[in-house]
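Q: I'd like to ask you about the structure that follows.
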Amino acid sequence: MSLTLTAMSNSAVTRGQQQRSGSGQMPQPSQGPYISVITNRTTNLAIRGAMLFSVGVFLALVLNLLQVQRNVTLFPPDVISSIFSSAWWVPPCCGTASAMIGLLYPRIDSCLGEPHKFKREWSSVMRCVAVFVGINHASAKVDFANNVQLSLTLAALSVGLWWTFDRSRSGFGLGVSIALLATLATQLLVYNGVFQYTSPDFLYIRSWLPCIFFAGVITMGNIGRQLALYEYKFVQEKTHQD
């Protein structure tokens with residue numbers, strides 16, 4: 001009889017401990033579909049790519065308009081579209097290149113183990129975009145005595161843009177490499193009669209074009225880095241809240 005009472009008391013104590021421990025535990029919140037979508041790496045990559053593509057298309061339309069209006073760039077009449085007097089293939093090509101550059105920069109930073117921390121705020125990114133637009137505007141509307149002076153001035157401005165808003169070795173190396181590839185691709189396009197430049201002084205193009213490409217790469221790289229940083233902070237905040 002005593003053994004039976006002892007067993008019953010032990011079982012009662014065990015149930016009481018389980019109830020107390022269960023009441024002390026906070027229920028784990030289930031991860032909703034919104035959070036799972038935001039923290040999905042592939043989805044985040046697609047969102048950033050779409051945003052970078054949109055920025056590239058917009059800048060291509062606006063900046064190409066300056067070149068066409070000043071007769072710096074000449075397209076055949078049959079390929080000109082009504083949107084900002086641009087050839088139909090220019091915006092999607094620039095948008096795709098912008099998305100690739102903007103996604104590549106933070107990836108290279110991660111692979112090299114050198115996270116970019118210099119001037120990481122949106123106000124700095126917006127100033128970088130404004131300077132890039134100003135450099136492109138200068139190439140189309142500012143008159144110099146000769147193309148050599150214009151090219152040297154734009155080269156100094158482009159390097160100054162990198163020094164002011166980037167200062168990373170990876171950023172400079174990628175900027176130079178992509179600018180050279182873009183210049184070579186442009187030479188091939190002009191050579192095959194897709195479009196042409198007035199008064200070319202560097203084979204089939206203007207000598208200042210690599211400077212514009214370099215400044216554009218640095219600008220899109222900064223936008224891509226900032227989007228990646230914002231995404232990381234947003235996911236971290238959501239994770240902590242859960």
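Going by the structure tokens order, chains are called A, B, ..., each with residues numbered from 1, while ligands are numbered from 1 in the order shown.
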Please produce, as CSV, a per-residue contact table for segment 86-121 of chain A versus segment 215-225 of chain A (criterion: any atom at most 6 Å away, only C-alpha atoms considered), showing the nearest atom pair and its distance in Å to one decimal, sorted by chain then residue number.
A:
residue,atom,partner,partner_atom,distance
A:Ile101,CA,A:Gly221,CA,6.0
A:Gly102,CA,A:Gly224,CA,3.9
A:Leu103,CA,A:Gly224,CA,5.8
A:Tyr105,CA,A:Gly221,CA,5.4
A:Pro106,CA,A:Arg225,CA,5.2
Q: Got time to write the residues from that selection, N, CA, C and O atoms, as a short mmCIF file (atom, residue, chain, number, x, y, z; two decimals), in the first residue's frame?
A:
data_model
loop_
_atom_site.label_atom_id
_atom_site.label_comp_id
_atom_site.auth_asym_id
_atom_site.auth_seq_id
_atom_site.Cartn_x
_atom_site.Cartn_y
_atom_site.Cartn_z
N ILE A 101 26.51 44.46 -62.51
CA ILE A 101 27.54 45.19 -61.76
C ILE A 101 27.11 45.38 -60.31
O ILE A 101 27.90 45.15 -59.39
N GLY A 102 25.86 45.79 -60.12
CA GLY A 102 25.39 46.02 -58.75
C GLY A 102 25.36 44.77 -57.90
O GLY A 102 25.53 44.84 -56.67
N LEU A 103 25.13 43.62 -58.51
CA LEU A 103 25.16 42.36 -57.76
C LEU A 103 26.58 41.83 -57.59
O LEU A 103 26.87 41.12 -56.62
N TYR A 105 29.46 43.63 -57.19
CA TYR A 105 30.29 44.36 -56.23
C TYR A 105 30.19 43.80 -54.81
O TYR A 105 31.22 43.48 -54.19
N PRO A 106 28.99 43.68 -54.22
CA PRO A 106 28.94 43.11 -52.86
C PRO A 106 29.40 41.66 -52.81
O PRO A 106 29.93 41.20 -51.79
#
Q: What's around segment 136-152 of chain A at 12 Å? Count only C-alpha atoms, leave out sequence neighbours fewer than 4 positions away in its own chain, and write the answer as a ChimeraX atom specification.
A: /A:59-60,62-73,129-132,156-159,197-202,205-216
Q: Between atom CA of Leu174 of chain A and atom CA of Ala46 of chain A, what distance in Å does the model show, to one decimal?
A: 22.1 Å
Q: Between A:Ala179, A:Ile108, A:Ala185, A:Val125, which residue has the minimum interatomic distance to Cys93 of chain A, considering only C-alpha atoms?
A: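 Result for the nearest residue to Cys93 of chain A: A:Ala185.
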Q: Can you check which residues of segment 108-222 of chain A DSSP gives as strand (DSSP E or B) on the backbone and send them as a PyMOL selection string?
A: chain A and resi 196-197+202+205
Q: Suppose we keep N, CA, C and O atoms; can you now write the selection as an mmCIF file, in the first residue's frame?
A:
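That gives us selection01.cif:
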data_model
loop_
_atom_site.group_PDB
_atom_site.id
_atom_site.type_symbol
_atom_site.label_atom_id
_atom_site.label_comp_id
_atom_site.auth_asym_id
_atom_site.auth_seq_id
_atom_site.Cartn_x
_atom_site.Cartn_y
_atom_site.Cartn_z
ATOM 1 N N GLN A 196 27.134 55.352 -84.342
ATOM 2 C CA GLN A 196 28.432 55.982 -84.543
ATOM 3 C C GLN A 196 28.557 57.227 -83.681
ATOM 4 O O GLN A 196 27.567 57.754 -83.172
ATOM 5 N N TYR A 197 29.792 57.661 -83.520
ATOM 6 C CA TYR A 197 30.096 58.884 -82.795
ATOM 7 C C TYR A 197 30.581 59.941 -83.779
ATOM 8 O O TYR A 197 31.290 59.632 -84.741
ATOM 9 N N PHE A 202 39.446 58.127 -80.888
ATOM 10 C CA PHE A 202 40.048 56.932 -80.315
ATOM 11 C C PHE A 202 39.496 55.730 -81.083
ATOM 12 O O PHE A 202 38.509 55.132 -80.717
ATOM 13 N N ILE A 205 35.542 55.622 -81.530
ATOM 14 C CA ILE A 205 34.751 56.258 -80.477
ATOM 15 C C ILE A 205 35.477 57.489 -79.963
ATOM 16 O O ILE A 205 36.562 57.841 -80.429
#
Q: Go through A:Leu203, A:Met51, A:Cys128, A:Leu104 one by one, measure the shortest atom-to-atom distance of each to Gly175 of chain A using only C-alpha atoms, and give the residue with the smallest value.
A: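 Of all the options, A:Leu104 lies closest to Gly175 of chain A.
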Q: DSSP says helix (DSSP H, G or I) for which residues of segment 50-172 of chain A? Put them as a PyMOL selection string?
A: chain A and resi 50-69+77-79+90-112+122-141+147-165+169-172
Q: Counting only C-alpha atoms, which of A:Gly49, A:Gly160, A:Gly113, A:Gly95 gets nearest to Leu61 of chain A?
A: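 Ranking A:Gly49, A:Gly160, A:Gly113, A:Gly95 by distance to Leu61 of chain A, first place goes to A:Gly95.
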